[in-house]
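*Asks:* Starting off with a structure, shown below.
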Amino acid sequence: MNYKTFWLPPNASYVEYIVNDSLINKFFEVNNPDKKDIVINVPDGCVNLWFLFNEHKCHARIVGSGIEGVRSMVSDTEKCFGVKFNAGMLPMKLMNDEKCIMNENYALNRYLDVAELEHLLEQSESPEDRMQIFLDNSVCFGEVLEDNLSQMIIAYINDRNGNADIAAMADELGYCQQYLSRVFKKMVGMTMKQYACIVRTQYAFSQIKNESTIQICDTLGYYDQPHFIKEFKRYSMMTPNQAYNTAYHFV
């Protein structure tokens, strides 16, 4: 799944590099030199690394998925080079006592010394250079702990664009729903229902300028439009009508 991260204002530019990797979903870069309008973070169900640039200085942060749309720190930075991990995937050195970060935003040096990495990125000249620098230094993040069961749940929910019956999924996978809930929360940092809502709204955001609200509600199984509008606004800070008419773009 191509997990997306922001609603970006028209003055900000964006580029991404999708990666065919079990750990990394994509690299991306936002250029926001004017800092005129806010950038909106949207929940994506993933952990991200952000390397924020101001006046040629780089500051690294680890950013867990939120559970609602918020004003982004990227609004106040000239550039953000990002690394998005796949849902439920995280290098072991970046795990805290709860195993996964959700709705948190910390300086990356809380977990490991990244001063040299920040310095190298400050000297880089392009997103491709920054991507290669990160890959060359990725060993410092340690091994990856992967759980096959949580990845099966993620795939099940993703395949249905978030419109998944959790009880039916448990029966299909042959596990007790309570057991699946414990495993998933430990690895992903949120409940299966929360993750499904995020995937569902990500799909809605991607289609809001292409399909009618009625079509999206029908595809995603919303029981009425007011419910859809409420959830859409919670995750994006906009109503569907505002998102349709705005010059902001979903990336």
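Residue numbering restarts at 1 for every chain of the structure tokens, chains are lettered A, B, ... in their displayed order, and ligands are numbered from 1 as they appear.
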When you look at Val74 of chain A with a cut-off of 9 Å (counting only C-alpha atoms), what residues show up, excluding the ones that are within fewer than 6 positions of it in the same chain? I need them as a ChimeraX atom specification.
*Replies:* /A:30,32,35,38-41,52,80
*Asks:* Write the residues of the selection above to a file with all heavy atoms, as a tab-separated table (two decimals), in the first residue's frame.
*Replies:*
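That gives us part-v7.tsv:
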chain	number	residue	atom	x	y	z
A	30	VAL	N	9.58	16.92	0.98
A	30	VAL	CA	8.74	18.11	0.86
A	30	VAL	C	9.64	19.33	0.87
A	30	VAL	O	10.50	19.47	1.75
A	30	VAL	CB	7.74	18.21	2.04
A	30	VAL	CG1	6.94	19.51	1.95
A	30	VAL	CG2	6.82	17.01	2.08
A	32	ASN	N	9.36	23.33	1.20
A	32	ASN	CA	8.38	24.31	1.66
A	32	ASN	C	9.10	25.63	2.01
A	32	ASN	O	9.02	26.11	3.14
A	32	ASN	CB	7.65	23.75	2.90
A	32	ASN	CG	6.52	24.62	3.38
A	32	ASN	OD1	5.82	25.23	2.59
A	32	ASN	ND2	6.34	24.68	4.69
A	35	LYS	N	7.00	28.73	3.49
A	35	LYS	CA	6.34	28.51	4.79
A	35	LYS	C	5.13	29.44	4.96
A	35	LYS	O	4.90	29.99	6.03
A	35	LYS	CB	7.34	28.66	5.94
A	35	LYS	CG	8.45	27.65	5.94
A	35	LYS	CD	9.37	27.75	7.15
A	35	LYS	CE	10.39	28.84	6.95
A	35	LYS	NZ	11.41	28.82	8.02
A	38	ILE	N	-0.12	26.24	6.18
A	38	ILE	CA	0.16	25.07	7.02
A	38	ILE	C	0.17	23.80	6.17
A	38	ILE	O	-0.51	23.69	5.16
A	38	ILE	CB	-0.85	24.93	8.18
A	38	ILE	CG1	-2.23	24.53	7.67
A	38	ILE	CG2	-0.90	26.19	9.01
A	38	ILE	CD1	-3.16	24.04	8.76
A	39	VAL	N	0.99	22.86	6.61
A	39	VAL	CA	0.98	21.49	6.10
A	39	VAL	C	0.21	20.65	7.11
A	39	VAL	O	0.39	20.80	8.32
A	39	VAL	CB	2.42	20.95	5.93
A	39	VAL	CG1	2.41	19.49	5.51
A	39	VAL	CG2	3.20	21.80	4.94
A	40	ILE	N	-0.66	19.77	6.63
A	40	ILE	CA	-1.50	18.96	7.52
A	40	ILE	C	-0.98	17.52	7.55
A	40	ILE	O	-0.84	16.89	6.50
A	40	ILE	CB	-2.97	18.96	7.06
A	40	ILE	CG1	-3.52	20.39	7.04
A	40	ILE	CG2	-3.82	18.06	7.96
A	40	ILE	CD1	-4.89	20.50	6.39
A	41	ASN	N	-0.64	17.04	8.75
A	41	ASN	CA	-0.32	15.62	8.92
A	41	ASN	C	-1.60	14.81	8.91
A	41	ASN	O	-2.58	15.19	9.57
A	41	ASN	CB	0.33	15.37	10.29
A	41	ASN	CG	1.80	15.71	10.33
A	41	ASN	OD1	2.36	16.19	9.36
A	41	ASN	ND2	2.40	15.49	11.47
A	52	LEU	N	14.44	17.20	9.17
A	52	LEU	CA	13.92	18.54	8.94
A	52	LEU	C	15.06	19.53	8.75
A	52	LEU	O	16.00	19.56	9.56
A	52	LEU	CB	13.04	18.97	10.12
A	52	LEU	CG	11.87	18.04	10.45
A	52	LEU	CD1	11.20	18.46	11.74
A	52	LEU	CD2	10.87	18.00	9.31
A	80	CYS	N	11.72	18.78	4.27
A	80	CYS	CA	11.61	17.56	5.06
A	80	CYS	C	11.94	16.37	4.18
A	80	CYS	O	11.22	16.11	3.21
A	80	CYS	CB	10.21	17.41	5.66
A	80	CYS	SG	9.93	15.80	6.45
*Asks:* What's the 10 Å shell around Arg110 of chain A, counting only C-alpha atoms, without same-chain residues fewer than 4 positions away, as a PyMOL selection string?
*Replies:* chain A and resi 61-62+94+106+114
*Asks:* Once you have the residues from the selection above, write them out as a tab-separated table (two decimals), in the first residue's frame, restricted to N, CA, C and O atoms.
*Replies:*
chain	number	residue	atom	x	y	z
A	61	ARG	N	13.88	13.40	13.47
A	61	ARG	CA	12.81	13.05	14.41
A	61	ARG	C	12.19	11.72	14.01
A	61	ARG	O	12.19	11.34	12.84
A	62	ILE	N	11.64	11.02	15.00
A	62	ILE	CA	10.86	9.82	14.75
A	62	ILE	C	9.41	10.16	15.05
A	62	ILE	O	9.09	10.69	16.11
A	94	LEU	N	14.66	1.31	17.42
A	94	LEU	CA	13.70	2.40	17.48
A	94	LEU	C	12.44	2.02	18.25
A	94	LEU	O	11.48	2.79	18.30
A	106	TYR	N	9.28	12.37	18.51
A	106	TYR	CA	10.46	12.53	19.35
A	106	TYR	C	11.69	12.86	18.51
A	106	TYR	O	11.79	12.45	17.35
A	114	VAL	N	22.63	10.14	16.12
A	114	VAL	CA	22.47	10.36	14.67
A	114	VAL	C	23.17	11.64	14.22
A	114	VAL	O	22.89	12.15	13.14
*Asks:* With only C-alpha atoms as the atoms that count, which of A:Leu121, A:Ile208, A:Ile157, A:Met92 lies nearest to Phe53 of chain A?
*Replies:*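 Result for the nearest residue to Phe53 of chain A: A:Leu121.
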*Asks:* Can you pull out the residues contacting Asn54 of chain A? Cut-off 8 Å, using only C-alpha atoms, and skip same-chain residues under 5 positions away; I want them as a ChimeraX atom specification.
*Replies:* /A:77-79
*Asks:* Restricting the calculation to only C-alpha atoms: of A:Ala170, A:Ala243, A:Met131, A:Met73, which residue gets closest to Met192 of chain A?
*Replies:*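 Checking each candidate against Met192 of chain A, we get A:Ala170 as the closest.
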*Asks:* Which residue, A:Ala204, A:Leu117, A:Met102, A:Met89, has the smallest gap to Asp136 of chain A when you use only C-alpha atoms?
*Replies:*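 The answer is A:Leu117, which sits nearest to Asp136 of chain A.
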*Asks:* Enumerate, in order of chain and increasing residue number, the residues of segment 50-155 of chain A with an atom no farther than 12 Å from segment 11-19 of chain A, each with its shortest atom pair and distance in Å to one decimal, counting only C-alpha atoms, as CSV.
*Replies:*
residue,atom,partner,partner_atom,distance
A:Val74,CA,A:Ala12,CA,10.2
A:Ser75,CA,A:Ala12,CA,9.5
A:Asp76,CA,A:Ala12,CA,11.8
A:Thr77,CA,A:Ala12,CA,10.9
A:Glu78,CA,A:Ala12,CA,9.4
A:Lys79,CA,A:Ala12,CA,9.4
A:Cys80,CA,A:Tyr14,CA,9.6
A:Phe81,CA,A:Glu16,CA,9.7
A:Gly82,CA,A:Glu16,CA,9.1
A:Val83,CA,A:Tyr17,CA,9.8
A:Lys84,CA,A:Ile18,CA,9.7
A:Phe85,CA,A:Val19,CA,10.0
A:Asn86,CA,A:Val19,CA,10.1
A:Ser126,CA,A:Val15,CA,11.2
A:Pro127,CA,A:Val15,CA,8.5
A:Glu128,CA,A:Tyr17,CA,9.0
A:Arg130,CA,A:Tyr17,CA,11.7
A:Met131,CA,A:Tyr17,CA,9.1
A:Gln132,CA,A:Tyr17,CA,11.8
A:Leu135,CA,A:Val19,CA,11.7
*Asks:* I need the chosen residues saved as a CSV table (one decimal), in the first residue's frame, with C-alpha atoms.
*Replies:*
chain,number,residue,atom,x,y,z
A,74,VAL,CA,6.8,20.5,8.3
A,75,SER,CA,4.8,23.8,8.1
A,76,ASP,CA,7.8,25.6,9.8
A,77,THR,CA,10.6,23.9,8.0
A,78,GLU,CA,12.2,24.6,4.6
A,79,LYS,CA,12.5,21.0,3.7
A,80,CYS,CA,11.6,17.6,5.1
A,81,PHE,CA,13.3,14.4,3.9
A,82,GLY,CA,11.3,11.4,5.1
A,83,VAL,CA,11.6,7.7,5.4
A,84,LYS,CA,8.3,5.9,5.9
A,85,PHE,CA,8.4,2.4,7.3
A,86,ASN,CA,5.7,-0.1,6.4
A,126,SER,CA,19.5,16.0,-3.8
A,127,PRO,CA,16.8,13.6,-2.6
A,128,GLU,CA,18.6,10.8,-4.3
A,130,ARG,CA,19.9,11.7,0.9
A,131,MET,CA,18.2,8.4,0.1
A,132,GLN,CA,21.6,6.7,-0.5
A,135,LEU,CA,20.7,3.4,3.1
*Asks:* Based on DSSP run over this structure's backbone, return all residues of segment 8-242 of chain A in strand (DSSP E or B), as a ChimeraX atom specification.
*Replies:* /A:8,13-18,24-31,40-41,48-54,57-63,65,70-71,79-85,91,102,105-107,144
*Asks:* Atom CA of Trp50 of chain A to atom CA of Phe184 of chain A: how many Å, to one decimal?
*Replies:*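 We find that atom CA of Trp50 of chain A and atom CA of Phe184 of chain A lie 24.6 Å from each other.
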*Asks:* So how far away is atom CA of Ile67 of chain A from atom CA of Glu172 of chain A, in Å?
*Replies:* 27.4 Å
*Asks:* For atom CA of Phe205 of chain A and atom CA of Met1 of chain A, quote the distance in Å rounded to one decimal.
*Replies:* 14.2 Å
*Asks:* Using only C-alpha atoms, determine which residues lie at most 9 Å from Val251 of chain A, disregarding the query and same-chain residues fewer than 3 positions distant; provide the list as a list in words.
*Replies:* Tyr3, Lys4, Thr5, Phe6, Trp7, Leu8, Tyr14, Val15, Glu16 and Ser206 of chain A
*Asks:* Could you take the residues named above and write them with all heavy atoms, as a compact mmCIF listing (two decimals), in the first residue's frame?
*Replies:*
# COMPACT_ATOMS: atom_id res chain seq x y z
N TYR A 3 1.15 4.30 1.49
CA TYR A 3 0.67 5.12 2.60
C TYR A 3 1.05 6.57 2.36
O TYR A 3 2.19 6.88 2.03
CB TYR A 3 1.28 4.65 3.92
CG TYR A 3 0.97 3.23 4.30
CD1 TYR A 3 1.83 2.20 3.96
CD2 TYR A 3 -0.18 2.92 5.03
CE1 TYR A 3 1.57 0.89 4.31
CE2 TYR A 3 -0.46 1.61 5.40
CZ TYR A 3 0.42 0.59 5.04
OH TYR A 3 0.15 -0.70 5.40
N LYS A 4 0.10 7.48 2.56
CA LYS A 4 0.36 8.90 2.33
C LYS A 4 0.41 9.64 3.66
O LYS A 4 -0.08 9.16 4.68
CB LYS A 4 -0.69 9.47 1.38
CG LYS A 4 -0.61 8.82 -0.02
CD LYS A 4 -1.62 9.41 -0.98
CE LYS A 4 -1.54 8.75 -2.35
NZ LYS A 4 -0.31 9.14 -3.07
N THR A 5 0.99 10.84 3.62
CA THR A 5 1.43 11.50 4.84
C THR A 5 0.82 12.86 5.09
O THR A 5 0.59 13.25 6.23
CB THR A 5 2.97 11.66 4.79
OG1 THR A 5 3.57 10.48 4.28
CG2 THR A 5 3.53 11.96 6.17
N PHE A 6 0.58 13.64 4.03
CA PHE A 6 0.23 15.05 4.19
C PHE A 6 -0.90 15.48 3.24
O PHE A 6 -1.07 14.92 2.16
CB PHE A 6 1.44 15.95 3.85
CG PHE A 6 2.70 15.65 4.57
CD1 PHE A 6 3.78 15.10 3.88
CD2 PHE A 6 2.86 15.94 5.91
CE1 PHE A 6 4.97 14.84 4.52
CE2 PHE A 6 4.04 15.68 6.57
CZ PHE A 6 5.11 15.12 5.87
N TRP A 7 -1.61 16.53 3.66
CA TRP A 7 -2.27 17.44 2.74
C TRP A 7 -1.33 18.62 2.61
O TRP A 7 -1.04 19.31 3.59
CB TRP A 7 -3.63 17.90 3.28
CG TRP A 7 -4.74 16.92 3.09
CD1 TRP A 7 -5.24 16.05 4.01
CD2 TRP A 7 -5.53 16.74 1.89
NE1 TRP A 7 -6.27 15.32 3.48
CE2 TRP A 7 -6.47 15.73 2.18
CE3 TRP A 7 -5.52 17.32 0.63
CZ2 TRP A 7 -7.40 15.28 1.24
CZ3 TRP A 7 -6.44 16.88 -0.31
CH2 TRP A 7 -7.36 15.88 -0.01
N LEU A 8 -0.83 18.84 1.38
CA LEU A 8 0.17 19.89 1.14
C LEU A 8 -0.46 21.10 0.47
O LEU A 8 -1.26 20.96 -0.46
CB LEU A 8 1.28 19.38 0.23
CG LEU A 8 2.40 18.51 0.82
CD1 LEU A 8 3.45 18.27 -0.24
CD2 LEU A 8 3.02 19.14 2.05
N TYR A 14 6.61 18.31 -3.78
CA TYR A 14 6.73 16.98 -3.19
C TYR A 14 7.25 15.99 -4.22
O TYR A 14 6.88 16.04 -5.40
CB TYR A 14 5.35 16.52 -2.69
CG TYR A 14 5.31 15.12 -2.12
CD1 TYR A 14 5.65 14.88 -0.80
CD2 TYR A 14 4.90 14.04 -2.91
CE1 TYR A 14 5.60 13.60 -0.26
CE2 TYR A 14 4.85 12.76 -2.38
CZ TYR A 14 5.20 12.54 -1.06
OH TYR A 14 5.15 11.28 -0.54
N VAL A 15 8.12 15.09 -3.77
CA VAL A 15 8.59 13.99 -4.60
C VAL A 15 8.68 12.75 -3.72
O VAL A 15 8.96 12.86 -2.52
CB VAL A 15 9.96 14.32 -5.25
CG1 VAL A 15 11.05 14.53 -4.19
CG2 VAL A 15 10.37 13.25 -6.24
N GLU A 16 8.41 11.57 -4.28
CA GLU A 16 8.51 10.34 -3.50
C GLU A 16 9.15 9.24 -4.33
O GLU A 16 9.11 9.27 -5.56
CB GLU A 16 7.15 9.89 -2.98
CG GLU A 16 6.19 9.40 -4.04
CD GLU A 16 4.85 8.95 -3.46
OE1 GLU A 16 4.49 9.38 -2.35
OE2 GLU A 16 4.16 8.16 -4.13
N SER A 206 -7.79 9.89 -1.23
CA SER A 206 -7.23 9.71 -2.57
C SER A 206 -8.28 9.81 -3.67
O SER A 206 -7.95 10.09 -4.82
CB SER A 206 -6.50 8.36 -2.66
OG SER A 206 -7.42 7.28 -2.63
*Asks:* Determine the nearest neighbour of Glu231 of chain A from the options A:Pro43, A:Met95, A:Ser124, A:Val63, counting only C-alpha atoms.
*Replies:*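 Nearest to Glu231 of chain A: A:Pro43.
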*Asks:* Give me, as a PDB file with C-alpha atoms, in the first residue's frame, all polymer residues having an atom no more than 10 Å from Ile166 of chain A, counting only C-alpha atoms and skipping those fewer than 5 positions away in the same chain.
*Replies:*
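And here's result.pdb as it stands now:
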ATOM      1  CA  ILE A 153      -3.976  -8.654   9.416  1.00  0.00           C
ATOM      2  CA  TYR A 156      -6.342  -8.268   4.964  1.00  0.00           C
ATOM      3  CA  ILE A 157      -7.389  -4.720   5.937  1.00  0.00           C
ATOM      4  CA  ASP A 171     -12.681 -16.510  11.797  1.00  0.00           C
ATOM      5  CA  GLU A 172     -11.015 -16.608   8.389  1.00  0.00           C
ATOM      6  CA  GLN A 177     -10.263 -12.041  18.020  1.00  0.00           C
ATOM      7  CA  LEU A 180      -5.337 -10.975  17.329  1.00  0.00           C
ATOM      8  CA  SER A 181      -6.055  -7.681  19.094  1.00  0.00           C
ATOM      9  CA  MET A 192      -7.205  -3.136  14.403  1.00  0.00           C
ATOM     10  CA  LYS A 193     -10.277  -0.885  14.241  1.00  0.00           C
ATOM     11  CA  ALA A 196      -8.865   0.046   9.485  1.00  0.00           C
TER      12      ALA A 196
END
*Asks:* Please return, as a PyMOL selection string, all residues of segment 7-229 of chain A that DSSP assigns to alpha helix (DSSP H) on the basis of the backbone.
*Replies:* chain A and resi 115-123+127-136+148-159+166-173+177-188+192-207+213-220+225-229
*Asks:* Taking only C-alpha atoms into account, which of A:Val47, A:Ala164, A:Leu220, A:Leu145 comes nearest Ser65 of chain A?
*Replies:* A:Val47
*Asks:* For Leu120 of chain A, which residue among A:Val42, A:Leu23, A:Cys58, A:Ala107 is the nearest when counting only C-alpha atoms?
*Replies:*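 With only C-alpha atoms as the atom set, the closest residue is A:Cys58.
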*Asks:* Do a neighbour search on Leu112 of chain A at 9 Å with only C-alpha atoms, toss out local chain neighbours closer than 5 positions, and write the hits as an mmCIF file with N, CA, C and O atoms, in the first residue's frame.
*Replies:*
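The new file selection-v9.cif reads:
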data_model
loop_
_atom_site.group_PDB
_atom_site.id
_atom_site.type_symbol
_atom_site.label_atom_id
_atom_site.label_comp_id
_atom_site.auth_asym_id
_atom_site.auth_seq_id
_atom_site.Cartn_x
_atom_site.Cartn_y
_atom_site.Cartn_z
ATOM 1 N N LYS A 93 16.078 -0.991 17.315
ATOM 2 C CA LYS A 93 16.651 0.097 18.107
ATOM 3 C C LYS A 93 15.717 1.293 18.212
ATOM 4 O O LYS A 93 15.965 2.213 19.009
ATOM 5 N N LEU A 94 14.658 1.308 17.418
ATOM 6 C CA LEU A 94 13.698 2.400 17.478
ATOM 7 C C LEU A 94 12.436 2.017 18.250
ATOM 8 O O LEU A 94 11.477 2.793 18.297
ATOM 9 N N CYS A 140 22.931 1.230 11.474
ATOM 10 C CA CYS A 140 22.922 1.769 12.842
ATOM 11 C C CYS A 140 21.566 1.617 13.518
ATOM 12 O O CYS A 140 21.462 1.741 14.741
ATOM 13 N N PHE A 141 20.510 1.327 12.736
ATOM 14 C CA PHE A 141 19.169 1.196 13.302
ATOM 15 C C PHE A 141 18.881 -0.217 13.809
ATOM 16 O O PHE A 141 17.867 -0.452 14.466
#
*Asks:* Skipping near chain neighbours, those fewer than 3 positions away, what residues fall within 9 Å of Tyr203 of chain A using only C-alpha atoms, listed as a list in words?
*Replies:*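 Residues meeting the cut-off are Asn161, Gly162, Ile198, Val199, Arg200, Ser206, Gln207, Ile208, Ile216 and Leu220 of chain A.
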*Asks:* Write a file of the just-selected residues containing N, CA and C atoms, as an mmCIF file, in the first residue's frame.
*Replies:*
data_model
loop_
_atom_site.group_PDB
_atom_site.id
_atom_site.type_symbol
_atom_site.label_atom_id
_atom_site.label_comp_id
_atom_site.auth_asym_id
_atom_site.auth_seq_id
_atom_site.Cartn_x
_atom_site.Cartn_y
_atom_site.Cartn_z
ATOM 1 N N ASN A 161 -9.438 -1.903 1.528
ATOM 2 C CA ASN A 161 -9.445 -0.441 1.693
ATOM 3 C C ASN A 161 -9.994 -0.019 3.051
ATOM 4 N N GLY A 162 -9.747 -0.850 4.061
ATOM 5 C CA GLY A 162 -10.186 -0.535 5.417
ATOM 6 C C GLY A 162 -11.593 -0.965 5.739
ATOM 7 N N ILE A 198 -8.009 4.294 9.531
ATOM 8 C CA ILE A 198 -6.969 5.060 8.854
ATOM 9 C C ILE A 198 -6.879 4.662 7.386
ATOM 10 N N VAL A 199 -6.876 3.366 7.118
ATOM 11 C CA VAL A 199 -6.793 2.892 5.735
ATOM 12 C C VAL A 199 -8.019 3.347 4.949
ATOM 13 N N ARG A 200 -9.167 3.289 5.574
ATOM 14 C CA ARG A 200 -10.407 3.686 4.910
ATOM 15 C C ARG A 200 -10.391 5.169 4.550
ATOM 16 N N SER A 206 -7.793 9.889 -1.229
ATOM 17 C CA SER A 206 -7.228 9.710 -2.569
ATOM 18 C C SER A 206 -8.280 9.806 -3.670
ATOM 19 N N GLN A 207 -9.544 9.574 -3.304
ATOM 20 C CA GLN A 207 -10.607 9.552 -4.304
ATOM 21 C C GLN A 207 -11.520 10.779 -4.269
ATOM 22 N N ILE A 208 -11.319 11.668 -3.303
ATOM 23 C CA ILE A 208 -12.306 12.728 -3.066
ATOM 24 C C ILE A 208 -12.440 13.682 -4.253
ATOM 25 N N ILE A 216 -18.060 7.121 -2.733
ATOM 26 C CA ILE A 216 -17.035 6.756 -1.753
ATOM 27 C C ILE A 216 -17.677 6.092 -0.543
ATOM 28 N N LEU A 220 -16.822 2.220 0.660
ATOM 29 C CA LEU A 220 -16.150 2.015 1.945
ATOM 30 C C LEU A 220 -17.085 1.559 3.057
#
